[in-house]
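Shown below: start14.cif, with mmCIF, C-alpha atoms.
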data_entry
loop_
_atom_site.label_atom_id
_atom_site.label_comp_id
_atom_site.auth_asym_id
_atom_site.auth_seq_id
_atom_site.Cartn_x
_atom_site.Cartn_y
_atom_site.Cartn_z
CA MET A 300 103.39 37.74 75.00
CA SER A 301 104.76 38.60 78.36
CA LEU A 302 104.78 35.04 79.67
CA PHE A 303 107.88 34.41 77.61
CA ASN A 304 109.66 37.02 79.70
CA VAL A 305 109.14 34.74 82.69
CA PHE A 306 111.57 32.33 81.04
CA ASP A 307 114.17 35.06 80.61
CA VAL A 308 113.79 36.21 84.21
CA ALA A 309 113.80 32.73 85.74
CA GLY A 310 116.63 31.74 83.41
CA SER A 311 118.77 34.64 84.63
CA ALA A 312 118.11 33.51 88.19
CA LEU A 313 119.12 29.93 87.34
CA GLN A 314 122.35 31.25 85.87
CA ALA A 315 123.07 33.43 88.91
CA GLN A 316 122.26 30.70 91.41
CA SER A 317 124.41 28.16 89.57
CA ILE A 318 127.33 30.60 89.71
CA ARG A 319 126.68 30.88 93.44
CA LEU A 320 126.66 27.09 93.77
CA ASN A 321 129.93 26.98 91.85
CA THR A 322 131.66 29.46 94.14
CA THR A 323 130.29 27.63 97.18
CA SER A 324 131.62 24.31 95.93
CA SER A 325 135.04 25.76 95.19
CA ASN A 326 135.10 27.37 98.65
CA LEU A 327 134.23 24.06 100.29
CA ALA A 328 136.71 22.16 98.12
CA ASN A 329 139.49 24.54 99.11
CA ALA A 330 138.51 24.89 102.76
CA ASN A 331 141.68 23.09 103.81
CA SER A 332 144.12 24.17 101.11
CA VAL A 333 147.17 24.94 103.19
CA SER A 334 149.81 27.36 102.03
CA SER A 335 152.99 28.81 103.42
CA ASP A 336 152.38 32.37 102.26
CA THR A 337 149.43 34.73 102.91
CA GLY A 338 149.55 35.93 99.31
CA LYS A 339 149.06 32.43 97.91
CA THR A 340 146.34 31.28 100.27
CA TYR A 341 142.89 30.64 98.85
CA ARG A 342 140.30 33.20 99.94
CA ALA A 343 136.56 32.56 100.05
CA ARG A 344 134.81 33.77 96.90
CA GLN A 345 131.29 35.19 96.81
CA PRO A 346 129.24 36.31 93.81
CA VAL A 347 127.62 39.76 93.89
CA PHE A 348 124.00 39.76 92.73
CA SER A 349 122.29 42.78 91.30
CA PRO A 350 118.90 43.38 89.66
CA MET A 351 119.09 43.61 85.88
CA LEU A 352 117.50 47.03 85.51
CA LYS A 353 116.98 47.97 81.91
CA GLU A 354 117.08 51.36 80.39
CA PHE A 355 113.73 53.04 80.08
CA ASP A 356 111.26 50.33 79.27
CA GLU A 357 107.62 51.26 79.04
CA GLN A 358 106.37 48.04 80.56
CA GLY A 359 109.21 47.62 83.04
CA ALA A 360 107.72 44.63 84.83
CA ASP A 361 110.43 42.04 84.30
CA VAL A 362 113.63 42.37 86.28
CA GLY A 363 116.14 39.56 85.99
CA VAL A 364 119.17 39.06 88.16
CA GLN A 365 122.78 39.32 87.10
CA VAL A 366 126.12 38.53 88.68
CA LEU A 367 128.16 41.73 88.77
CA GLY A 368 131.32 39.92 89.71
CA ILE A 369 132.95 37.64 92.20
CA VAL A 370 134.65 39.14 95.23
CA GLU A 371 137.17 37.57 97.54
CA SER A 372 136.46 37.69 101.25
CA ASN A 373 138.54 40.09 103.36
CA ALA A 374 138.17 38.02 106.51
CA PRO A 375 141.51 37.28 108.17
CA LEU A 376 143.22 34.04 107.16
CA ARG A 377 143.64 31.36 109.75
CA ARG A 378 147.25 30.98 110.88
CA GLU A 379 148.38 27.87 112.63
CA HIS A 380 151.69 27.08 114.26
CA SER A 381 152.73 23.65 113.08
CA PRO A 382 156.47 23.44 112.43
CA ASP A 383 156.27 19.80 111.36
CA HIS A 384 153.98 20.59 108.44
CA PRO A 385 155.77 20.29 105.08
CA MET A 386 154.26 23.63 103.99
CA ALA A 387 155.31 25.52 107.12
CA ASP A 388 157.17 28.78 106.57
CA ALA A 389 160.46 29.73 108.16
CA GLU A 390 158.75 30.56 111.47
CA GLY A 391 156.78 27.33 111.50
CA TYR A 392 153.38 28.76 110.51
CA ILE A 393 150.92 27.49 107.93
CA TYR A 394 148.07 29.57 106.49
CA LEU A 395 144.56 28.23 105.99
CA PRO A 396 141.80 29.80 103.84
CA ASN A 397 139.22 32.11 105.43
CA VAL A 398 136.39 29.82 104.31
CA ASN A 399 133.61 29.53 106.88
CA VAL A 400 132.30 26.03 106.25
CA VAL A 401 129.03 26.56 108.15
CA GLU A 402 128.31 29.72 106.17
CA GLU A 403 129.05 27.92 102.93
CA MET A 404 126.68 25.09 103.76
CA ALA A 405 123.91 27.61 104.48
CA ASN A 406 124.75 29.35 101.19
CA MET A 407 124.57 26.04 99.36
CA ILE A 408 121.13 25.20 100.76
CA SER A 409 119.83 28.71 99.99
CA ALA A 410 121.17 28.59 96.42
CA SER A 411 119.79 25.16 95.66
CA ARG A 412 116.36 26.09 97.07
CA ALA A 413 116.30 29.27 94.99
CA TYR A 414 117.31 27.23 91.93
CA GLN A 415 114.48 24.77 92.53
CA THR A 416 111.97 27.60 92.96
CA ASN A 417 112.93 29.13 89.65
CA VAL A 418 112.67 25.79 87.88
CA GLU A 419 109.14 25.50 89.28
CA VAL A 420 108.35 29.02 88.09
CA MET A 421 109.48 28.06 84.60
CA ASN A 422 107.42 24.87 84.70
CA SER A 423 104.27 26.77 85.70
CA ALA A 424 104.86 29.35 82.97
CA LYS A 425 105.31 26.53 80.50
CA GLN A 426 102.00 24.98 81.55
CA MET A 427 100.27 28.34 81.20
CA LEU A 428 101.69 28.83 77.70
CA LEU A 429 100.83 25.30 76.59
CA ARG A 430 97.24 25.78 77.73
CA THR A 431 97.14 29.14 75.96
CA ILE A 432 98.18 27.74 72.60
CA SER A 433 95.56 25.03 72.90
CA ILE A 434 92.65 27.50 73.20
CA GLY A 435 89.68 26.41 71.15
CA GLN A 436 90.80 22.81 70.70
CA MET B 143 73.61 42.45 65.04
CA PRO B 144 77.37 42.82 64.66
CA PHE B 145 79.36 40.31 66.64
CA ASN B 146 82.08 41.71 68.87
CA PHE B 147 84.75 39.42 70.25
CA ASP B 148 85.82 41.95 72.85
CA SER B 149 82.43 42.05 74.49
CA TYR B 150 81.83 38.35 73.93
CA LEU B 151 84.91 37.30 75.90
CA GLY B 152 83.97 39.73 78.67
CA VAL B 153 86.30 40.31 81.56
CA HIS B 154 88.39 37.23 80.84
CA GLU B 155 90.49 38.67 78.10
CA PRO B 156 91.85 41.70 80.05
CA ALA B 157 92.12 39.40 83.08
CA LEU B 158 94.31 37.01 81.10
CA HIS B 159 96.50 39.87 79.97
CA LEU B 160 96.94 41.21 83.50
CA GLN B 161 97.58 37.76 84.92
CA SER B 162 100.38 37.15 82.45
CA ARG B 163 101.90 40.53 83.39
CA ARG B 164 101.57 39.67 87.05
CA ALA B 165 103.29 36.31 86.48
CA GLU B 166 106.20 38.28 85.06
CA VAL B 167 106.39 40.63 88.05
CA LEU B 168 106.20 37.76 90.55
CA ALA B 169 108.80 35.76 88.62
CA SER B 170 111.10 38.81 88.86
CA ASN B 171 110.59 38.85 92.61
CA LEU B 172 111.43 35.16 92.88
CA ALA B 173 114.47 35.58 90.64
CA ASN B 174 115.81 38.34 92.91
CA VAL B 175 115.19 36.49 96.16
CA ASP B 176 118.89 36.81 97.08
CA THR B 177 119.68 40.18 95.49
CA PRO B 178 120.68 42.76 98.13
CA GLY B 179 118.50 45.85 98.11
CA TYR B 180 115.88 44.49 95.73
CA LYS B 181 112.33 45.57 96.56
CA ALA B 182 109.51 43.13 95.80
CA ARG B 183 106.74 44.50 93.59
CA ASP B 184 103.25 43.45 92.70
CA ILE B 185 100.22 44.60 90.74
CA ASP B 186 97.06 45.58 92.60
CA PHE B 187 94.97 43.24 90.50
CA LYS B 188 91.55 44.56 91.45
CA SER B 189 92.19 48.19 90.55
CA ALA B 190 94.24 47.27 87.48
CA LEU B 191 91.45 45.08 86.15
CA ARG B 192 88.88 47.78 86.83
CA MET B 193 91.08 50.20 84.93
CA SER B 194 91.55 48.03 81.86
CA ASP B 195 88.02 46.61 81.91
CA SER B 196 86.27 49.95 81.98
CA GLY B 197 88.49 51.02 79.10
CA ASN B 198 89.08 54.50 80.51
CA ILE B 199 92.48 54.57 82.09
CA PRO B 200 92.25 57.08 84.95
CA LEU B 201 95.97 57.80 84.74
CA GLN B 202 96.13 60.39 82.02
CA SER B 203 99.22 60.24 79.90
CA LEU B 204 101.45 63.29 79.96
CA GLN B 205 101.36 65.70 77.10
CA THR B 206 104.48 65.46 74.97
CA THR B 207 105.92 67.69 72.29
CA SER B 208 108.52 65.26 70.97
CA ALA B 209 108.60 61.57 70.19
CA ASN B 210 111.56 61.22 72.53
CA HIS B 211 109.62 62.32 75.61
CA MET B 212 109.04 59.50 78.02
CA GLN B 213 105.91 58.47 79.92
CA PRO B 214 106.04 57.18 83.47
CA GLU B 215 106.01 53.40 83.22
CA GLU B 216 102.71 52.78 85.00
CA MET B 217 100.91 55.18 82.70
CA ALA B 218 102.25 53.45 79.62
CA ALA B 219 101.45 49.98 80.90
CA GLY B 220 97.97 50.75 82.20
CA PHE B 221 98.63 49.37 85.64
CA GLU B 222 100.54 50.46 88.65
CA LEU B 223 103.40 48.49 90.16
CA ALA B 224 103.35 48.79 93.93
CA TYR B 225 106.03 47.79 96.40
CA ARG B 226 105.28 45.03 98.85
CA ASN B 227 105.42 45.52 102.60
CA PRO B 228 107.51 42.68 104.00
CA TYR B 229 106.33 40.76 107.05
CA GLN B 230 109.91 40.36 108.20
CA SER B 231 112.44 42.72 106.74
CA SER B 232 115.92 41.45 106.05
CA LEU B 233 119.25 43.04 106.86
CA ASP B 234 120.39 43.50 103.24
CA GLY B 235 117.36 45.61 102.27
CA ASN B 236 115.75 42.87 100.22
CA THR B 237 111.98 42.68 100.73
CA VAL B 238 111.32 39.46 98.82
CA GLU B 239 109.75 36.78 100.96
CA HIS B 240 110.12 33.47 99.24
CA GLN B 241 106.96 31.81 100.61
CA VAL B 242 104.76 34.86 99.99
CA GLU B 243 105.91 35.24 96.39
CA LEU B 244 105.63 31.54 95.66
CA ALA B 245 102.07 31.45 97.03
CA ALA B 246 101.14 34.52 94.99
CA TYR B 247 102.74 33.04 91.88
CA SER B 248 100.87 29.75 92.08
CA ASP B 249 97.63 31.56 92.95
CA ASN B 250 98.12 33.72 89.87
CA ALA B 251 98.88 30.69 87.70
CA MET B 252 95.67 28.98 88.83
CA ARG B 253 93.65 32.09 88.08
CA TYR B 254 95.27 32.33 84.66
CA LEU B 255 94.33 28.73 83.91
CA ALA B 256 90.79 29.38 85.15
CA SER B 257 90.44 32.41 82.85
CA LEU B 258 91.73 30.27 79.99
CA ARG B 259 89.12 27.64 80.73
CA PHE B 260 86.37 30.26 80.65
CA ILE B 261 87.63 31.58 77.31
CA ASN B 262 87.86 28.04 76.00
CA GLY B 263 84.24 27.48 77.02
CA LYS B 264 83.22 30.63 75.16
CA PHE B 265 84.95 29.42 72.01
CA ASN B 266 83.41 25.98 72.33
CA THR B 267 80.00 27.64 72.56
CA LEU B 268 80.74 29.53 69.35
CA VAL B 269 81.90 26.38 67.59
CA THR B 270 78.71 24.61 68.63
CA ALA B 271 76.65 27.53 67.33
CA ILE B 272 78.52 27.52 64.01
CA LYS B 273 78.18 23.80 63.49
CA GLY B 274 74.59 23.81 64.63
CA GLN B 275 74.72 20.37 66.14
#

Turn this file's structure into structure tokens for me.
Amino acid sequence: MSLFNVFDVAGSALQAQSIRLNTTSSNLANANSVSSDTGKTYRARQPVFSPMLKEFDEQGADVGVQVLGIVESNAPLRREHSPDHPMADAEGYIYLPNVNVVEEMANMISASRAYQTNVEVMNSAKQMLLRTISIGQ
Amino acid sequence: MPFNFDSYLGVHEPALHLQSRRAEVLASNLANVDTPGYKARDIDFKSALRMSDSGNIPLQSLQTTSANHMQPEEMAAGFELAYRNPYQSSLDGNTVEHQVELAAYSDNAMRYLASLRFINGKFNTLVTAIKGQ
């Protein structure tokens, strides 16, 4: 019954999108985490999505999504000169994460919309299955 | 006269099968809405239904000499998966358009439920005939 595969596929998308929401929330939470050293500064994290292609599968219709890993952004860190800051280094600089708050908000909206869509897909599939098992009643 | 369920249910049974396959394909598209490089796919329902309804699959399977030889996926499945042409292509190579896929998915779900209702009606007719009241 291939409708059950819809649950697997939509479930994989829910998993992937919730990981994306998690990285977005940690990026936003750490948007202002100041540090005095470039090596210790928080860098924006982004999940990498990839289609879950199976080995040869004769039907081959269902392709879920998987998170290959989480990468840290290579964008330059923000450096501010503020000698009075308690975290300032010897030259009076503090380092701020390379989190782009606007980008993260857009990411958050996109991820939550995609999550909602997949929940709706699962709900429709559930309705279809429930009607199927009640054939002839 | 022998009674044949296949002919009694008519086109609705293969239609139901194809619609459930199509739900799977469209759900895959929606799941990969943010996957870079993913290409949206769909089943050409009309030709696929004609194929499975007429019973003679025009795509002939390849001749094999070993059990390990593989068949192209569309030949094994009896329908062809085609790639969708996006209205607006995106920079990351993804061709899934959320609104298009969602519309197709709900359209497909409605058609599935309609086919189910037809089949249900057929079974109810049978039950009435059996009970004779």

To one decimal place, how far is CA of Arg344 (chain A) from CA of Ile369 (chain A) in Å?
->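 So the two atoms, CA of Arg344 (chain A) and CA of Ile369 (chain A), lie 6.4 Å apart.
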
Skip region 416-418 of chain A itself and residues of its chain fewer than 6 positions away, then list as a count of residues only all residues within 9 Å of it, counting all atoms listed in the file.
-> 10

Carefully work through the PyMOL selection byres ((chain A and resi 371) around 10) for this structure and note down the residues it includes, as a PyMOL selection string.
-> chain A and resi 341-346+369-370+372-374+397

To one decimal place, how far is CA of Ala245 (chain B) from CA of Met404 (chain A) in Å?
->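 If I compute the distance from CA of Ala245 (chain B) to CA of Met404 (chain A), I get 26.3 Å.
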
Starting from chain A, keep only residues with some atom at most 7 Å from an atom of chain B, counting all atoms listed in the file, and report them as a short mmCIF file (atom, residue, chain, number, x, y, z; two decimals) with C-alpha atoms, keeping the file's coordinate frame.
data_model
loop_
_atom_site.label_atom_id
_atom_site.label_comp_id
_atom_site.auth_asym_id
_atom_site.auth_seq_id
_atom_site.Cartn_x
_atom_site.Cartn_y
_atom_site.Cartn_z
CA SER A 301 104.76 38.60 78.36
CA LEU A 302 104.78 35.04 79.67
CA ASN A 304 109.66 37.02 79.70
CA VAL A 305 109.14 34.74 82.69
CA VAL A 308 113.79 36.21 84.21
CA ALA A 309 113.80 32.73 85.74
CA ALA A 312 118.11 33.51 88.19
CA PHE A 348 124.00 39.76 92.73
CA SER A 349 122.29 42.78 91.30
CA PRO A 350 118.90 43.38 89.66
CA GLU A 357 107.62 51.26 79.04
CA GLN A 358 106.37 48.04 80.56
CA GLY A 359 109.21 47.62 83.04
CA ALA A 360 107.72 44.63 84.83
CA ASP A 361 110.43 42.04 84.30
CA VAL A 362 113.63 42.37 86.28
CA GLY A 363 116.14 39.56 85.99
CA VAL A 364 119.17 39.06 88.16
CA ASN A 417 112.93 29.13 89.65
CA VAL A 420 108.35 29.02 88.09
CA SER A 423 104.27 26.77 85.70
CA MET A 427 100.27 28.34 81.20
CA THR A 431 97.14 29.14 75.96
CA ILE A 434 92.65 27.50 73.20
CA GLY A 435 89.68 26.41 71.15
#

Tell me, in Å to one decimal, how far CA of Asn422 (chain A) is from CA of Glu239 (chain B).
-> 20.3 Å

Among A:Ser433, A:Ser409, A:Val398, A:Leu428, Asn326 (chain A) is approached most closely, using only C-alpha atoms, by A:Val398

With all atoms listed in the file as the basis for distance, which of A:Ser311, A:Arg378, A:Met421, A:Thr322 is at the shortest distance from Glu390 (chain A)?
-> A:Arg378

For Gly338 (chain A): contacts at 12 Å, all atoms listed in the file, fewer than 4 positions along chain excluded, given as a ChimeraX atom specification = /A:333-334,342,376,394-396

Quick one: residues within 12 Å of Gly152 (chain B), only C-alpha atoms counted, chain neighbours fewer than 2 positions away excluded, as a ChimeraX atom specification?
-> /B:146-150,154-158,191,194-196,257,260-261,264
